[in-house]
>>> print(open('protein_10.tsv').read())   # TSV, C-alpha atoms
chain	number	residue	atom	x	y	z
R	1	MET	CA	180.50	142.00	149.54
R	2	MET	CA	179.84	144.52	152.33
R	3	LEU	CA	183.45	145.70	152.07
R	4	ARG	CA	182.98	146.42	148.35
R	5	LEU	CA	179.70	148.22	149.00
R	6	SER	CA	181.15	150.36	151.78
R	7	ALA	CA	184.18	151.26	149.67
R	8	PHE	CA	181.90	152.92	147.13
R	9	THR	CA	179.16	154.32	149.36
R	10	ILE	CA	181.36	156.01	151.98
R	11	PRO	CA	182.70	158.65	149.54
R	12	PHE	CA	179.14	159.23	148.30
R	13	VAL	CA	177.90	159.76	151.87
R	14	ILE	CA	180.79	162.10	152.67
R	15	LEU	CA	180.17	164.12	149.49
R	16	THR	CA	176.44	164.49	150.11
R	17	ARG	CA	176.99	165.29	153.80
R	18	ARG	CA	179.36	168.14	153.00
R	19	ILE	CA	176.99	169.51	150.39
R	20	MET	CA	174.07	169.37	152.81
R	21	GLU	CA	176.10	171.04	155.60
R	22	LYS	CA	176.69	173.98	153.29
R	23	LEU	CA	173.04	174.14	152.26
R	24	MET	CA	171.23	174.47	155.57
R	25	ASN	CA	169.12	177.43	154.50
R	26	LYS	CA	165.95	176.59	152.54
R	27	GLN	CA	166.68	179.25	149.93
R	28	GLU	CA	170.17	177.85	149.39
R	29	VAL	CA	168.75	174.34	148.96
R	30	ILE	CA	166.34	175.60	146.30
R	31	GLN	CA	169.15	177.43	144.53
R	32	ALA	CA	171.29	174.27	144.63
R	33	ILE	CA	168.50	172.22	143.05
R	34	LEU	CA	168.13	174.84	140.35
R	35	ASN	CA	171.90	174.88	139.73
R	36	TRP	CA	172.48	172.45	136.89
R	37	LYS	CA	176.13	171.84	137.81
R	38	ILE	CA	175.22	170.37	141.20
R	39	VAL	CA	172.45	168.26	139.68
R	40	TYR	CA	174.77	166.88	136.98
R	41	LEU	CA	177.36	166.03	139.64
R	42	PHE	CA	174.69	164.27	141.70
R	43	TRP	CA	173.51	162.32	138.64
R	44	ALA	CA	177.06	161.22	137.81
R	45	VAL	CA	177.78	160.05	141.36
R	46	SER	CA	174.36	158.34	141.55
R	47	PHE	CA	174.95	156.58	138.25
R	48	ILE	CA	178.31	155.21	139.41
R	49	VAL	CA	177.00	154.13	142.82
R	50	LEU	CA	173.89	152.53	141.34
R	51	PHE	CA	175.92	150.68	138.72
R	52	VAL	CA	178.23	149.26	141.39
R	53	VAL	CA	175.31	148.32	143.64
R	54	GLN	CA	173.51	146.66	140.73
R	55	VAL	CA	176.57	144.58	139.88
R	56	THR	CA	177.13	143.45	143.47
R	57	THR	CA	173.51	142.96	144.64
R	58	ASN	CA	170.10	142.17	143.23
R	59	LEU	CA	168.05	145.27	144.09
R	60	THR	CA	166.56	145.95	140.65
R	61	THR	CA	163.15	147.19	141.83
R	62	ILE	CA	164.66	149.62	144.33
R	63	LEU	CA	167.08	150.90	141.70
R	64	LYS	CA	164.29	151.37	139.17
R	65	ILE	CA	162.18	153.27	141.68
R	66	TYR	CA	165.16	155.48	142.60
R	67	TRP	CA	166.10	156.13	138.96
R	68	TRP	CA	162.53	156.96	137.88
R	69	THR	CA	162.06	159.22	140.92
R	70	LEU	CA	165.28	161.06	140.13
R	71	GLY	CA	164.27	161.36	136.47
R	72	ILE	CA	160.79	162.64	137.21
R	73	ALA	CA	162.17	165.15	139.72
R	74	THR	CA	164.64	166.58	137.20
R	75	THR	CA	161.91	166.73	134.54
R	76	LEU	CA	159.68	168.67	136.94
R	77	VAL	CA	162.51	171.10	137.69
R	78	GLY	CA	163.00	171.47	133.93
R	79	LEU	CA	159.31	172.26	133.50
R	80	TYR	CA	159.53	174.81	136.32
R	81	LEU	CA	162.46	176.51	134.63
R	82	LEU	CA	160.62	176.39	131.31
R	83	CYS	CA	157.70	178.25	132.92
R	84	LYS	CA	160.20	180.83	134.22
R	85	LYS	CA	161.42	181.20	130.60
R	86	GLN	CA	164.93	180.00	131.38
R	87	TRP	CA	165.22	178.01	128.16
R	88	ILE	CA	168.81	176.84	128.34
R	89	ASN	CA	168.59	175.73	131.97
R	90	SER	CA	165.39	173.81	131.29
R	91	LEU	CA	167.02	172.09	128.30
R	92	LEU	CA	169.92	171.04	130.51
R	93	TYR	CA	167.48	169.35	132.90
R	94	PHE	CA	165.56	167.72	130.07
R	95	CYS	CA	168.80	166.29	128.66
R	96	LEU	CA	169.24	164.19	131.80
R	97	PHE	CA	166.08	162.12	131.59
R	98	LEU	CA	163.28	163.31	129.32
R	99	PHE	CA	165.12	163.52	125.98
R	100	PRO	CA	166.95	160.17	126.38
R	101	MET	CA	163.68	158.48	127.40
R	102	ILE	CA	161.84	159.89	124.36
R	103	ALA	CA	164.71	158.84	122.07
R	104	PHE	CA	164.68	155.33	123.56
R	105	LYS	CA	160.90	154.96	123.11
R	106	LEU	CA	161.05	156.27	119.52
R	107	GLY	CA	163.93	153.91	118.79
R	108	MET	CA	161.88	150.96	120.06
R	109	LEU	CA	158.95	152.02	117.84
R	110	VAL	CA	161.20	152.29	114.78
R	111	LYS	CA	162.70	148.89	115.57
R	112	GLU	CA	159.22	147.34	115.72
R	113	LEU	CA	158.28	149.00	112.45
R	114	LEU	CA	161.43	147.75	110.74
R	115	ILE	CA	161.22	144.20	112.09
R	116	TYR	CA	157.49	143.51	112.02
R	117	GLY	CA	156.38	146.05	109.44
R	118	GLN	CA	153.69	147.38	111.73
R	119	LEU	CA	153.10	148.41	115.31
R	120	LYS	CA	151.66	145.86	117.75
>>> encode(input="protein_10.tsv", output="structure tokens")
Amino acid sequence: MMLRLSAFTIPFVILTRRIMEKLMNKQEVIQAILNWKIVYLFWAVSFIVLFVVQVTTNLTTILKIYWWTLGIATTLVGLYLLCKKQWINSLLYFCLFLFPMIAFKLGMLVKELLIYGQLK
């Protein structure tokens, strides 16, 4: 099991290490967080790593905490960009977590309405 875990986490560690080596300056780190391409890449790699870890181990609470933290952080960055009137960039951040979460919650409400005829 450790061999499978290390086979997937070593490339992730190498990727994040190289990114962080390039981003030693505080201003560059802030610009990287505000760059949607880097955030989307980080989300994709995190999603793959978390899926593999979830299949091989039973760390559901840690994964939920990580996923919600990542989602809340991207939503806050989206709100920051919305305040700066960068509409498209803020929408790109909202598409990662906020919009899918709202769609999921609305879907659950519609399902309850269709099945039970009323909300609980």
>>> axis_aligned_box(input="protein_10.tsv", around="region 69-75 of chain R", padding_each_side="6 Å", output="AutoDock Vina command-line options")
--center_x 163.0 --center_y 163.0 --center_z 137.7 --size_x 16.5 --size_y 19.5 --size_z 18.4
>>> closest_residue(input="protein_10.tsv", among="R:Val77, R:Met108, R:Val55, R:Leu98", to="Trp36 (chain R)", atoms="all atoms listed in the file")
R:Val77
>>> atom_distance(input="protein_10.tsv", atom1="CA of Tyr93 (chain R)", atom2="CA of Phe42 (chain R)")
12.5 Å
>>> atom_distance(input="protein_10.tsv", atom1="CA of Leu79 (chain R)", atom2="CA of Asn35 (chain R)")
14.3 Å
>>> atom_distance(input="protein_10.tsv", atom1="CA of Thr61 (chain R)", atom2="CA of Phe99 (chain R)")
22.8 Å
>>> closest_residue(input="protein_10.tsv", among="R:Gln54, R:Phe97, R:Asn89, R:Val110", to="Thr69 (chain R)", atoms="only C-alpha atoms")
R:Phe97
>>> closest_residue(input="protein_10.tsv", among="R:Leu50, R:Gly78, R:Ile88, R:Ile38", to="Ile65 (chain R)", atoms="all atoms listed in the file")
R:Leu50
>>> residues_around(input="protein_10.tsv", residues="Gly71 (chain R)", least_positions_apart="3", cutoff="8 Å", atoms="only C-alpha atoms", output="PyMOL selection string")
chain R and resi 67-68+74-75+96-98
>>> write_last_selection(input="protein_10.tsv", atoms="C-alpha atoms", output="PDB file, in the frame of the given file")
ATOM      1  CA  TRP R  67     166.100 156.130 138.960  1.00  0.00           C
ATOM      2  CA  TRP R  68     162.530 156.960 137.880  1.00  0.00           C
ATOM      3  CA  THR R  74     164.640 166.580 137.200  1.00  0.00           C
ATOM      4  CA  THR R  75     161.910 166.730 134.540  1.00  0.00           C
ATOM      5  CA  LEU R  96     169.240 164.190 131.800  1.00  0.00           C
ATOM      6  CA  PHE R  97     166.080 162.120 131.590  1.00  0.00           C
ATOM      7  CA  LEU R  98     163.280 163.310 129.320  1.00  0.00           C
TER       8      LEU R  98
END
>>> build_atoms(input="protein_10.tsv", residues="region 27-52 of chain R", atoms="N, CA, C and O atoms", output="PDB file, in the coordinates of the input")
ATOM      1  N   GLN R  27     166.442 178.532 151.182  1.00  0.00           N
ATOM      2  CA  GLN R  27     166.680 179.250 149.930  1.00  0.00           C
ATOM      3  C   GLN R  27     167.929 178.717 149.233  1.00  0.00           C
ATOM      4  O   GLN R  27     167.947 178.583 148.018  1.00  0.00           O
ATOM      5  N   GLU R  28     168.952 178.397 149.990  1.00  0.00           N
ATOM      6  CA  GLU R  28     170.170 177.850 149.390  1.00  0.00           C
ATOM      7  C   GLU R  28     169.933 176.458 148.832  1.00  0.00           C
ATOM      8  O   GLU R  28     170.518 176.087 147.821  1.00  0.00           O
ATOM      9  N   VAL R  29     169.077 175.667 149.470  1.00  0.00           N
ATOM     10  CA  VAL R  29     168.750 174.340 148.960  1.00  0.00           C
ATOM     11  C   VAL R  29     168.016 174.457 147.627  1.00  0.00           C
ATOM     12  O   VAL R  29     168.315 173.739 146.675  1.00  0.00           O
ATOM     13  N   ILE R  30     167.077 175.395 147.545  1.00  0.00           N
ATOM     14  CA  ILE R  30     166.340 175.600 146.300  1.00  0.00           C
ATOM     15  C   ILE R  30     167.282 176.069 145.199  1.00  0.00           C
ATOM     16  O   ILE R  30     167.207 175.584 144.061  1.00  0.00           O
ATOM     17  N   GLN R  31     168.188 176.970 145.524  1.00  0.00           N
ATOM     18  CA  GLN R  31     169.150 177.430 144.530  1.00  0.00           C
ATOM     19  C   GLN R  31     170.084 176.316 144.083  1.00  0.00           C
ATOM     20  O   GLN R  31     170.489 176.256 142.923  1.00  0.00           O
ATOM     21  N   ALA R  32     170.434 175.397 144.993  1.00  0.00           N
ATOM     22  CA  ALA R  32     171.290 174.270 144.630  1.00  0.00           C
ATOM     23  C   ALA R  32     170.570 173.312 143.698  1.00  0.00           C
ATOM     24  O   ALA R  32     171.163 172.772 142.764  1.00  0.00           O
ATOM     25  N   ILE R  33     169.273 173.102 143.926  1.00  0.00           N
ATOM     26  CA  ILE R  33     168.500 172.220 143.050  1.00  0.00           C
ATOM     27  C   ILE R  33     168.359 172.848 141.666  1.00  0.00           C
ATOM     28  O   ILE R  33     168.367 172.144 140.657  1.00  0.00           O
ATOM     29  N   LEU R  34     168.256 174.159 141.620  1.00  0.00           N
ATOM     30  CA  LEU R  34     168.130 174.840 140.350  1.00  0.00           C
ATOM     31  C   LEU R  34     169.472 175.079 139.664  1.00  0.00           C
ATOM     32  O   LEU R  34     169.501 175.542 138.522  1.00  0.00           O
ATOM     33  N   ASN R  35     170.574 174.761 140.327  1.00  0.00           N
ATOM     34  CA  ASN R  35     171.900 174.880 139.730  1.00  0.00           C
ATOM     35  C   ASN R  35     172.208 173.587 138.992  1.00  0.00           C
ATOM     36  O   ASN R  35     172.384 172.534 139.595  1.00  0.00           O
ATOM     37  N   TRP R  36     172.329 173.648 137.684  1.00  0.00           N
ATOM     38  CA  TRP R  36     172.480 172.450 136.890  1.00  0.00           C
ATOM     39  C   TRP R  36     173.813 171.738 137.144  1.00  0.00           C
ATOM     40  O   TRP R  36     173.901 170.521 136.994  1.00  0.00           O
ATOM     41  N   LYS R  37     174.823 172.474 137.565  1.00  0.00           N
ATOM     42  CA  LYS R  37     176.130 171.840 137.810  1.00  0.00           C
ATOM     43  C   LYS R  37     176.060 170.866 138.979  1.00  0.00           C
ATOM     44  O   LYS R  37     176.613 169.765 138.914  1.00  0.00           O
ATOM     45  N   ILE R  38     175.365 171.251 140.036  1.00  0.00           N
ATOM     46  CA  ILE R  38     175.220 170.370 141.200  1.00  0.00           C
ATOM     47  C   ILE R  38     174.374 169.164 140.844  1.00  0.00           C
ATOM     48  O   ILE R  38     174.686 168.032 141.232  1.00  0.00           O
ATOM     49  N   VAL R  39     173.323 169.369 140.068  1.00  0.00           N
ATOM     50  CA  VAL R  39     172.450 168.260 139.680  1.00  0.00           C
ATOM     51  C   VAL R  39     173.200 167.275 138.778  1.00  0.00           C
ATOM     52  O   VAL R  39     173.080 166.058 138.945  1.00  0.00           O
ATOM     53  N   TYR R  40     173.988 167.771 137.849  1.00  0.00           N
ATOM     54  CA  TYR R  40     174.770 166.880 136.980  1.00  0.00           C
ATOM     55  C   TYR R  40     175.794 166.094 137.796  1.00  0.00           C
ATOM     56  O   TYR R  40     176.025 164.912 137.542  1.00  0.00           O
ATOM     57  N   LEU R  41     176.420 166.735 138.766  1.00  0.00           N
ATOM     58  CA  LEU R  41     177.360 166.030 139.640  1.00  0.00           C
ATOM     59  C   LEU R  41     176.646 164.943 140.424  1.00  0.00           C
ATOM     60  O   LEU R  41     177.132 163.810 140.526  1.00  0.00           O
ATOM     61  N   PHE R  42     175.472 165.254 140.956  1.00  0.00           N
ATOM     62  CA  PHE R  42     174.690 164.270 141.700  1.00  0.00           C
ATOM     63  C   PHE R  42     174.283 163.110 140.813  1.00  0.00           C
ATOM     64  O   PHE R  42     174.341 161.952 141.224  1.00  0.00           O
ATOM     65  N   TRP R  43     173.876 163.388 139.573  1.00  0.00           N
ATOM     66  CA  TRP R  43     173.510 162.320 138.640  1.00  0.00           C
ATOM     67  C   TRP R  43     174.709 161.432 138.337  1.00  0.00           C
ATOM     68  O   TRP R  43     174.572 160.206 138.283  1.00  0.00           O
ATOM     69  N   ALA R  44     175.873 162.024 138.132  1.00  0.00           N
ATOM     70  CA  ALA R  44     177.060 161.220 137.810  1.00  0.00           C
ATOM     71  C   ALA R  44     177.432 160.314 138.978  1.00  0.00           C
ATOM     72  O   ALA R  44     177.701 159.120 138.788  1.00  0.00           O
ATOM     73  N   VAL R  45     177.444 160.853 140.179  1.00  0.00           N
ATOM     74  CA  VAL R  45     177.780 160.050 141.360  1.00  0.00           C
ATOM     75  C   VAL R  45     176.711 158.976 141.570  1.00  0.00           C
ATOM     76  O   VAL R  45     177.037 157.817 141.849  1.00  0.00           O
ATOM     77  N   SER R  46     175.444 159.322 141.398  1.00  0.00           N
ATOM     78  CA  SER R  46     174.360 158.340 141.550  1.00  0.00           C
ATOM     79  C   SER R  46     174.481 157.230 140.525  1.00  0.00           C
ATOM     80  O   SER R  46     174.274 156.055 140.846  1.00  0.00           O
ATOM     81  N   PHE R  47     174.815 157.588 139.299  1.00  0.00           N
ATOM     82  CA  PHE R  47     174.950 156.580 138.250  1.00  0.00           C
ATOM     83  C   PHE R  47     176.059 155.597 138.575  1.00  0.00           C
ATOM     84  O   PHE R  47     175.892 154.379 138.440  1.00  0.00           O
ATOM     85  N   ILE R  48     177.191 156.095 139.052  1.00  0.00           N
ATOM     86  CA  ILE R  48     178.310 155.210 139.410  1.00  0.00           C
ATOM     87  C   ILE R  48     177.948 154.326 140.583  1.00  0.00           C
ATOM     88  O   ILE R  48     178.174 153.110 140.561  1.00  0.00           O
ATOM     89  N   VAL R  49     177.373 154.909 141.628  1.00  0.00           N
ATOM     90  CA  VAL R  49     177.000 154.130 142.820  1.00  0.00           C
ATOM     91  C   VAL R  49     175.946 153.094 142.466  1.00  0.00           C
ATOM     92  O   VAL R  49     176.043 151.931 142.877  1.00  0.00           O
ATOM     93  N   LEU R  50     174.937 153.480 141.701  1.00  0.00           N
ATOM     94  CA  LEU R  50     173.890 152.530 141.340  1.00  0.00           C
ATOM     95  C   LEU R  50     174.409 151.413 140.457  1.00  0.00           C
ATOM     96  O   LEU R  50     173.994 150.261 140.590  1.00  0.00           O
ATOM     97  N   PHE R  51     175.343 151.715 139.562  1.00  0.00           N
ATOM     98  CA  PHE R  51     175.920 150.680 138.720  1.00  0.00           C
ATOM     99  C   PHE R  51     176.692 149.667 139.562  1.00  0.00           C
ATOM    100  O   PHE R  51     176.565 148.457 139.372  1.00  0.00           O
ATOM    101  N   VAL R  52     177.466 150.153 140.524  1.00  0.00           N
ATOM    102  CA  VAL R  52     178.230 149.260 141.390  1.00  0.00           C
ATOM    103  C   VAL R  52     177.302 148.427 142.259  1.00  0.00           C
ATOM    104  O   VAL R  52     177.496 147.222 142.430  1.00  0.00           O
TER     105      VAL R  52
END
